[in-house]
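**Q** Structure file upload17.cif (mmCIF, C-alpha atoms) right here:
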```
data_final
loop_
_atom_site.group_PDB
_atom_site.id
_atom_site.type_symbol
_atom_site.label_atom_id
_atom_site.label_comp_id
_atom_site.auth_asym_id
_atom_site.auth_seq_id
_atom_site.Cartn_x
_atom_site.Cartn_y
_atom_site.Cartn_z
ATOM 1 C CA MET Z 189 39.440 -34.786 83.139
ATOM 2 C CA ARG Z 190 37.708 -31.425 82.753
ATOM 3 C CA ASN Z 191 39.227 -28.221 84.096
ATOM 4 C CA ARG Z 192 38.453 -24.517 84.470
ATOM 5 C CA LEU Z 193 41.860 -23.275 83.419
ATOM 6 C CA LYS Z 194 40.604 -21.212 80.492
ATOM 7 C CA VAL Z 195 37.912 -19.486 82.599
ATOM 8 C CA LEU Z 196 40.279 -18.808 85.497
ATOM 9 C CA ARG Z 197 42.858 -17.460 83.108
ATOM 10 C CA ALA Z 198 40.301 -15.207 81.409
ATOM 11 C CA GLU Z 199 39.133 -13.862 84.805
ATOM 12 C CA ARG Z 200 42.686 -12.716 85.439
ATOM 13 C CA ASP Z 201 43.178 -11.510 81.861
ATOM 14 C CA TRP Z 202 46.156 -13.825 81.429
ATOM 15 C CA SER Z 203 47.163 -15.233 78.058
ATOM 16 C CA GLN Z 204 48.271 -18.855 77.735
ATOM 17 C CA ALA Z 205 51.824 -17.535 77.512
ATOM 18 C CA ASP Z 206 51.364 -15.577 80.773
ATOM 19 C CA LEU Z 207 50.179 -18.673 82.625
ATOM 20 C CA ALA Z 208 52.916 -20.790 81.039
ATOM 21 C CA GLU Z 209 55.520 -18.321 82.267
ATOM 22 C CA ARG Z 210 54.091 -18.387 85.808
ATOM 23 C CA LEU Z 211 54.199 -22.183 85.794
ATOM 24 C CA THR Z 212 57.541 -22.409 83.930
ATOM 25 C CA VAL Z 213 56.056 -24.719 81.311
ATOM 26 C CA SER Z 214 55.553 -24.293 77.564
ATOM 27 C CA ARG Z 215 52.516 -22.540 76.101
ATOM 28 C CA GLN Z 216 51.664 -25.744 74.261
ATOM 29 C CA SER Z 217 51.421 -27.502 77.655
ATOM 30 C CA ILE Z 218 48.792 -24.980 78.784
ATOM 31 C CA ASN Z 219 46.928 -25.395 75.514
ATOM 32 C CA ALA Z 220 47.000 -29.212 75.823
ATOM 33 C CA ILE Z 221 45.680 -29.058 79.406
ATOM 34 C CA GLU Z 222 42.957 -26.532 78.560
ATOM 35 C CA THR Z 223 41.732 -28.536 75.592
ATOM 36 C CA GLY Z 224 41.684 -31.755 77.632
ATOM 37 C CA LYS Z 225 44.366 -33.439 75.515
ATOM 38 C CA TYR Z 226 46.678 -33.800 78.492
ATOM 39 C CA ASP Z 227 46.051 -34.280 82.217
ATOM 40 C CA PRO Z 228 48.840 -32.687 84.268
ATOM 41 C CA SER Z 229 50.845 -34.636 86.831
ATOM 42 C CA LEU Z 230 49.975 -34.153 90.499
ATOM 43 C CA PRO Z 231 52.979 -31.822 91.100
ATOM 44 C CA LEU Z 232 51.964 -29.627 88.130
ATOM 45 C CA ALA Z 233 48.319 -29.652 89.254
ATOM 46 C CA PHE Z 234 49.456 -28.384 92.681
ATOM 47 C CA ARG Z 235 51.521 -25.648 91.016
ATOM 48 C CA ILE Z 236 48.487 -24.619 88.962
ATOM 49 C CA ALA Z 237 46.372 -24.528 92.120
ATOM 50 C CA ARG Z 238 48.946 -22.341 93.864
ATOM 51 C CA VAL Z 239 49.122 -19.922 90.924
ATOM 52 C CA PHE Z 240 45.325 -19.471 91.028
ATOM 53 C CA ALA Z 241 45.240 -19.636 94.867
ATOM 54 C CA LEU Z 242 42.473 -22.234 94.691
ATOM 55 C CA PRO Z 243 42.077 -25.837 95.862
ATOM 56 C CA ILE Z 244 42.793 -28.391 93.116
ATOM 57 C CA GLU Z 245 39.193 -29.632 93.113
ATOM 58 C CA GLN Z 246 37.975 -26.133 92.204
ATOM 59 C CA ILE Z 247 40.130 -26.262 89.076
ATOM 60 C CA PHE Z 248 39.954 -29.899 88.008
ATOM 61 C CA ASP Z 249 36.868 -32.095 87.879
ATOM 62 C CA ASP Z 250 37.219 -35.845 87.423
ATOM 63 C CA ALA Z 251 33.469 -36.502 87.255
ATOM 64 C CA GLU Z 252 32.410 -38.517 84.172
ATOM 65 C CA MET L 289 58.722 -20.443 69.439
ATOM 66 C CA ALA L 290 61.583 -19.853 71.887
ATOM 67 C CA MET L 291 63.744 -22.853 72.662
ATOM 68 C CA ASN L 292 63.867 -24.177 76.205
ATOM 69 C CA PRO L 293 67.306 -24.765 77.838
ATOM 70 C CA ALA L 294 67.171 -28.517 77.131
ATOM 71 C CA GLN L 295 66.543 -27.834 73.424
ATOM 72 C CA ARG L 296 69.440 -25.361 73.320
ATOM 73 C CA ARG L 297 71.768 -27.922 74.905
ATOM 74 C CA TYR L 298 70.457 -30.580 72.491
ATOM 75 C CA ILE L 299 71.265 -28.404 69.474
ATOM 76 C CA GLY L 300 74.617 -27.520 71.043
ATOM 77 C CA ARG L 301 75.468 -31.231 71.248
ATOM 78 C CA MET L 302 74.032 -32.287 67.892
ATOM 79 C CA ILE L 303 76.007 -29.743 65.837
ATOM 80 C CA PRO L 304 79.510 -30.905 66.878
ATOM 81 C CA VAL L 305 78.465 -34.579 66.800
ATOM 82 C CA SER L 306 77.066 -34.110 63.259
ATOM 83 C CA ILE L 307 80.290 -32.433 62.128
ATOM 84 C CA ALA L 308 82.294 -35.259 63.725
ATOM 85 C CA TYR L 309 80.076 -37.846 61.997
ATOM 86 C CA VAL L 310 80.482 -36.326 58.530
ATOM 87 C CA ALA L 311 84.249 -35.926 59.035
ATOM 88 C CA ALA L 312 84.537 -39.522 60.297
ATOM 89 C CA ILE L 313 82.577 -40.863 57.314
ATOM 90 C CA PHE L 314 84.850 -38.992 54.891
ATOM 91 C CA LEU L 315 87.923 -40.205 56.774
ATOM 92 C CA ALA L 316 86.776 -43.828 56.846
ATOM 93 C CA SER L 317 85.723 -43.717 53.167
ATOM 94 C CA SER L 318 89.081 -42.346 52.077
ATOM 95 C CA LEU L 319 91.228 -44.645 54.253
ATOM 96 C CA VAL L 320 89.257 -47.889 54.140
ATOM 97 C CA PRO L 321 87.878 -49.134 50.790
ATOM 98 C CA ASN L 322 84.547 -50.989 50.975
ATOM 99 C CA GLY L 323 84.966 -54.666 51.801
ATOM 100 C CA SER L 324 88.480 -54.289 53.233
ATOM 101 C CA PRO L 325 89.732 -57.097 55.480
ATOM 102 C CA ALA L 326 89.026 -56.487 59.179
ATOM 103 C CA THR L 327 92.441 -55.626 60.589
ATOM 104 C CA PRO L 328 92.945 -53.700 63.845
ATOM 105 C CA LEU L 329 93.632 -50.540 61.784
ATOM 106 C CA THR L 330 90.603 -50.776 59.455
ATOM 107 C CA VAL L 331 88.325 -51.676 62.384
ATOM 108 C CA ALA L 332 89.639 -48.730 64.412
ATOM 109 C CA VAL L 333 89.060 -46.280 61.531
ATOM 110 C CA ALA L 334 85.608 -47.714 60.729
ATOM 111 C CA LEU L 335 84.582 -47.496 64.401
ATOM 112 C CA VAL L 336 84.937 -43.696 64.513
ATOM 113 C CA PRO L 337 81.663 -42.940 62.635
ATOM 114 C CA GLY L 338 79.982 -45.492 64.902
ATOM 115 C CA LEU L 339 81.140 -43.538 67.938
ATOM 116 C CA ALA L 340 79.591 -40.422 66.404
ATOM 117 C CA VAL L 341 76.287 -42.298 66.055
ATOM 118 C CA VAL L 342 76.564 -43.193 69.752
ATOM 119 C CA GLY L 343 77.031 -39.443 70.256
ATOM 120 C CA PHE L 344 73.699 -38.790 68.485
ATOM 121 C CA ILE L 345 71.978 -41.308 70.770
ATOM 122 C CA TRP L 346 73.623 -39.739 73.839
ATOM 123 C CA ALA L 347 72.419 -36.261 72.765
ATOM 124 C CA MET L 348 68.854 -37.551 72.251
ATOM 125 C CA GLY L 349 68.832 -39.402 75.584
ATOM 126 C CA SER L 350 70.257 -36.400 77.457
ATOM 127 C CA TYR L 351 67.560 -34.226 75.925
ATOM 128 C CA LEU L 352 64.834 -36.526 77.242
ATOM 129 C CA PHE L 353 66.343 -36.561 80.733
ATOM 130 C CA GLU L 354 66.899 -32.787 80.849
ATOM 131 C CA LEU L 355 63.438 -31.755 79.635
ATOM 132 C CA LYS L 356 61.625 -30.092 82.526
ATOM 133 C CA ASP L 357 58.321 -29.604 80.693
ATOM 134 C CA GLU L 358 56.352 -32.811 81.309
ATOM 135 C CA TYR L 359 54.040 -32.374 78.300
ATOM 136 C CA VAL L 360 56.903 -31.789 75.860
ATOM 137 C CA ARG L 361 58.663 -34.818 77.417
ATOM 138 C CA LEU L 362 55.505 -36.870 76.805
ATOM 139 C CA LEU L 363 55.560 -35.805 73.139
ATOM 140 C CA GLU L 364 59.212 -36.822 72.807
ATOM 141 C CA VAL L 365 58.702 -40.170 74.567
ATOM 142 C CA ARG L 366 55.731 -40.931 72.296
ATOM 143 C CA LYS L 367 57.914 -40.161 69.270
ATOM 144 C CA ALA L 368 60.649 -42.486 70.559
ATOM 145 C CA LEU L 369 58.152 -45.288 71.239
ATOM 146 C CA ILE L 370 56.629 -44.966 67.762
ATOM 147 C CA ALA L 371 60.124 -44.918 66.231
ATOM 148 C CA THR L 372 61.109 -48.028 68.198
ATOM 149 C CA ALA L 373 57.936 -49.883 67.228
ATOM 150 C CA LEU L 374 58.434 -48.965 63.570
ATOM 151 C CA THR L 375 62.104 -50.003 63.609
ATOM 152 C CA LEU L 376 61.367 -53.336 65.287
ATOM 153 C CA GLY L 377 58.496 -53.992 62.899
ATOM 154 C CA VAL L 378 60.437 -53.118 59.736
ATOM 155 C CA CYS L 379 63.627 -54.946 60.737
ATOM 156 C CA ALA L 380 61.897 -58.087 62.021
ATOM 157 C CA THR L 381 59.614 -58.285 58.981
ATOM 158 C CA TRP L 382 62.468 -57.699 56.551
ATOM 159 C CA GLY L 383 64.590 -60.254 58.437
ATOM 160 C CA ILE L 384 61.892 -62.891 57.978
ATOM 161 C CA LEU L 385 61.693 -61.978 54.284
ATOM 162 C CA GLU L 386 65.466 -62.472 54.063
ATOM 163 C CA ILE L 387 65.147 -65.953 55.609
ATOM 164 C CA TYR L 388 62.492 -67.182 53.208
ATOM 165 C CA THR L 389 63.169 -65.247 50.017
ATOM 166 C CA ASN L 390 66.069 -63.729 48.119
ATOM 167 C CA VAL L 391 65.213 -60.087 48.859
ATOM 168 C CA PRO L 392 68.297 -57.831 49.171
ATOM 169 C CA ARG L 393 70.051 -57.972 52.554
ATOM 170 C CA LEU L 394 69.325 -55.000 54.804
ATOM 171 C CA ALA L 395 72.601 -53.816 56.343
ATOM 172 C CA ILE L 396 72.427 -53.296 60.123
ATOM 173 C CA PHE L 397 73.698 -49.781 59.402
ATOM 174 C CA TRP L 398 70.143 -48.866 58.379
ATOM 175 C CA VAL L 399 68.611 -49.583 61.806
ATOM 176 C CA PHE L 400 69.430 -46.135 63.194
ATOM 177 C CA PRO L 401 68.310 -44.174 60.093
ATOM 178 C CA ILE L 402 65.039 -46.174 60.115
ATOM 179 C CA TRP L 403 64.591 -45.233 63.787
ATOM 180 C CA CYS L 404 65.169 -41.550 62.895
ATOM 181 C CA VAL L 405 62.511 -41.796 60.165
ATOM 182 C CA GLY L 406 60.289 -43.290 62.885
ATOM 183 C CA LEU L 407 60.886 -40.162 64.999
ATOM 184 C CA ALA L 408 59.592 -38.001 62.157
ATOM 185 C CA ILE L 409 56.541 -40.267 61.786
ATOM 186 C CA GLY L 410 56.075 -40.088 65.580
ATOM 187 C CA GLY L 411 56.056 -36.301 65.331
ATOM 188 C CA LEU L 412 53.390 -36.556 62.648
ATOM 189 C CA VAL L 413 51.301 -38.917 64.815
ATOM 190 C CA ASN L 414 51.639 -36.478 67.732
ATOM 191 C CA ARG L 415 50.500 -33.631 65.501
ATOM 192 C CA LEU L 416 47.499 -35.586 64.235
ATOM 193 C CA THR L 417 46.417 -36.910 67.643
ATOM 194 C CA LEU L 418 47.513 -34.186 70.086
ATOM 195 C CA GLY L 419 47.941 -31.186 67.795
ATOM 196 C CA ALA L 420 51.641 -30.770 68.640
ATOM 197 C CA GLY L 421 54.608 -32.558 67.107
ATOM 198 C CA GLY L 422 57.291 -32.221 69.756
ATOM 199 C CA GLY L 423 60.360 -30.115 70.344
ATOM 200 C CA CYS L 424 63.335 -31.555 68.498
ATOM 201 C CA PRO L 425 63.914 -33.745 65.446
#
```
Now, as a test, write the supplied structure out as structure tokens.
**A**
Amino acid sequence: MRNRLKVLRAERDWSQADLAERLTVSRQSINAIETGKYDPSLPLAFRIARVFALPIEQIFDDAE
Amino acid sequence: MAMNPAQRRYIGRMIPVSIAYVAAIFLASSLVPNGSPATPLTVAVALVPGLAVVGFIWAMGSYLFELKDEYVRLLEVRKALIATALTLGVCATWGILEIYTNVPRLAIFWVFPIWCVGLAIGGLVNRLTLGAGGGCP
């Protein structure tokens, strides 16, 4: 699943560590999600959406 | 990298259990010579290191349950699955060899160390496939 995490983070001038702290997850989790190595659970996806104040579908894209 | 609370608790459990294990091994080795008859006393003394090994397993299991970070938990679960697959494969294959040939007997004692080696290999597989090994040994 593709996502816009890196772009959204850059727009806010947040580092991976900044976003990890806001989500209370590890920096390696953010890196794994950004690089597409790991798809977050639904609860974590909702937390990410809340942090960016965006709907989930504007962050994650499940199109092939 | 800073340790998360689950990792700190894991280390906090592993240190005393490791000390207890080493002390129990020394105690059992000094009190019970190898191959001693199984009396209630020798069995009781020889069981103490085994309880310490159960302590290791308890610390590892608690760590998995207490991890809040779902990605790190995934890494640890993958390591445990790889370790289990490796242990089952090695022990079953060696067991069949023991049935049909005169290879040396593998003591059951080695099952847990083999599983721990499997954890290290699991960490390596994680690093090669996901770019991250996992939190704890």
**Q** Please list as a ChimeraX atom specification every residue within 9 Å of segment 194-211 of chain Z, counting all atoms listed in the file and excluding residues in the same chain fewer than 6 positions away.
**A** /Z:217-219,222-223,232,235-236,239-240,247
**Q** Save out the residues we just selected, C-alpha atoms, as a PDB file, in the frame of the given file.
**A**
```
ATOM      1  CA  SER Z 217      51.421 -27.502  77.655  1.00  0.00           C
ATOM      2  CA  ILE Z 218      48.792 -24.980  78.784  1.00  0.00           C
ATOM      3  CA  ASN Z 219      46.928 -25.395  75.514  1.00  0.00           C
ATOM      4  CA  GLU Z 222      42.957 -26.532  78.560  1.00  0.00           C
ATOM      5  CA  THR Z 223      41.732 -28.536  75.592  1.00  0.00           C
ATOM      6  CA  LEU Z 232      51.964 -29.627  88.130  1.00  0.00           C
ATOM      7  CA  ARG Z 235      51.521 -25.648  91.016  1.00  0.00           C
ATOM      8  CA  ILE Z 236      48.487 -24.619  88.962  1.00  0.00           C
ATOM      9  CA  VAL Z 239      49.122 -19.922  90.924  1.00  0.00           C
ATOM     10  CA  PHE Z 240      45.325 -19.471  91.028  1.00  0.00           C
ATOM     11  CA  ILE Z 247      40.130 -26.262  89.076  1.00  0.00           C
TER      12      ILE Z 247
END
```
**Q** Quick one: apply the PyMOL selection byres ((chain L) within 7 of (chain Z)) to the file and drop the selected residues here as a list in words.
**A**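 Applied to this file, the PyMOL selection byres ((chain L) within 7 of (chain Z)) returns Asp357, Tyr359 and Leu418 of chain L.
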**Q** Write out as a list in words the residues lying within 9 Å of Arg301 of chain L, counting all atoms listed in the file and excluding same-chain residues fewer than 6 positions away.
**A** Gly343, Phe344 and Ala347 of chain L
**Q** I need the residue set behind the PyMOL selection byres ((chain L and resi 337) around 6) for this file; please write it as JSON, numbers by chain.
**A** {"L": [309, 312, 313, 335, 336, 338, 339, 340]}
**Q** Can you report as lines of an AutoDock Vina configuration file the centre and edge lengths in Å, to one decimal, of an axis-aligned box around the listed atoms of segment 238-247 of chain Z padded with 8 Å on each side?
**A**
```
center_x = 43.5
center_y = -24.6
center_z = 92.5
size_x = 27.1
size_y = 26.2
size_z = 22.8
```
**Q** Between atom CA of Leu369 of chain L and atom CA of Ala233 of chain Z, what is the distance in Å, rounded to a tenth?
**A**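 According to the coordinates, atom CA of Leu369 of chain L and atom CA of Ala233 of chain Z are separated by 25.8 Å.
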**Q** Which residues would end up in the selection if the PyMOL selection byres ((chain L and resi 371) around 8) were applied here, given that I need the answer as a list in words?
**A**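 For this structure, the PyMOL selection byres ((chain L and resi 371) around 8) captures Lys367, Ala368, Leu369, Ile370, Thr372, Ala373, Leu374, Thr375, Ile402, Trp403, Cys404, Val405, Gly406, Leu407, Ile409 and Gly410 of chain L.
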**Q** Save out the residues we just selected, C-alpha atoms, as a PDB file, in the frame of the given file.
**A**
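Output file selection_13.pdb follows:
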```pdb
ATOM      1  CA  LYS L 367      57.914 -40.161  69.270  1.00  0.00           C
ATOM      2  CA  ALA L 368      60.649 -42.486  70.559  1.00  0.00           C
ATOM      3  CA  LEU L 369      58.152 -45.288  71.239  1.00  0.00           C
ATOM      4  CA  ILE L 370      56.629 -44.966  67.762  1.00  0.00           C
ATOM      5  CA  THR L 372      61.109 -48.028  68.198  1.00  0.00           C
ATOM      6  CA  ALA L 373      57.936 -49.883  67.228  1.00  0.00           C
ATOM      7  CA  LEU L 374      58.434 -48.965  63.570  1.00  0.00           C
ATOM      8  CA  THR L 375      62.104 -50.003  63.609  1.00  0.00           C
ATOM      9  CA  ILE L 402      65.039 -46.174  60.115  1.00  0.00           C
ATOM     10  CA  TRP L 403      64.591 -45.233  63.787  1.00  0.00           C
ATOM     11  CA  CYS L 404      65.169 -41.550  62.895  1.00  0.00           C
ATOM     12  CA  VAL L 405      62.511 -41.796  60.165  1.00  0.00           C
ATOM     13  CA  GLY L 406      60.289 -43.290  62.885  1.00  0.00           C
ATOM     14  CA  LEU L 407      60.886 -40.162  64.999  1.00  0.00           C
ATOM     15  CA  ILE L 409      56.541 -40.267  61.786  1.00  0.00           C
ATOM     16  CA  GLY L 410      56.075 -40.088  65.580  1.00  0.00           C
TER      17      GLY L 410
END
```
**Q** Enter the distance from atom CA of Phe353 of chain L to atom CA of Ala294 of chain L, in Å, rounded to one decimal.
**A**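 Atom CA of Ala294 of chain L lies 8.9 Å from atom CA of Phe353 of chain L.
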**Q** Work out how far apart atom CA of Glu364 of chain L and atom CA of Ile303 of chain L are and give it in Å to one decimal.
**A**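 Answer for the atom CA of Glu364 of chain L to atom CA of Ile303 of chain L separation: 19.5 Å.
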**Q** From the list L:Gly411, L:Pro304, L:Pro321, L:Pro293, which residue is nearest Leu362 of chain L when using all atoms listed in the file?
**A**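 Smallest separation from Leu362 of chain L among the options: L:Gly411.
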**Q** Write out as a ChimeraX atom specification each polymer residue whose atoms come within 9 Å of Val333 of chain L, counting all atoms listed in the file; drop sequence neighbours fewer than 4 positions from it.
**A** /L:312,315-316,319-320,328-329,337
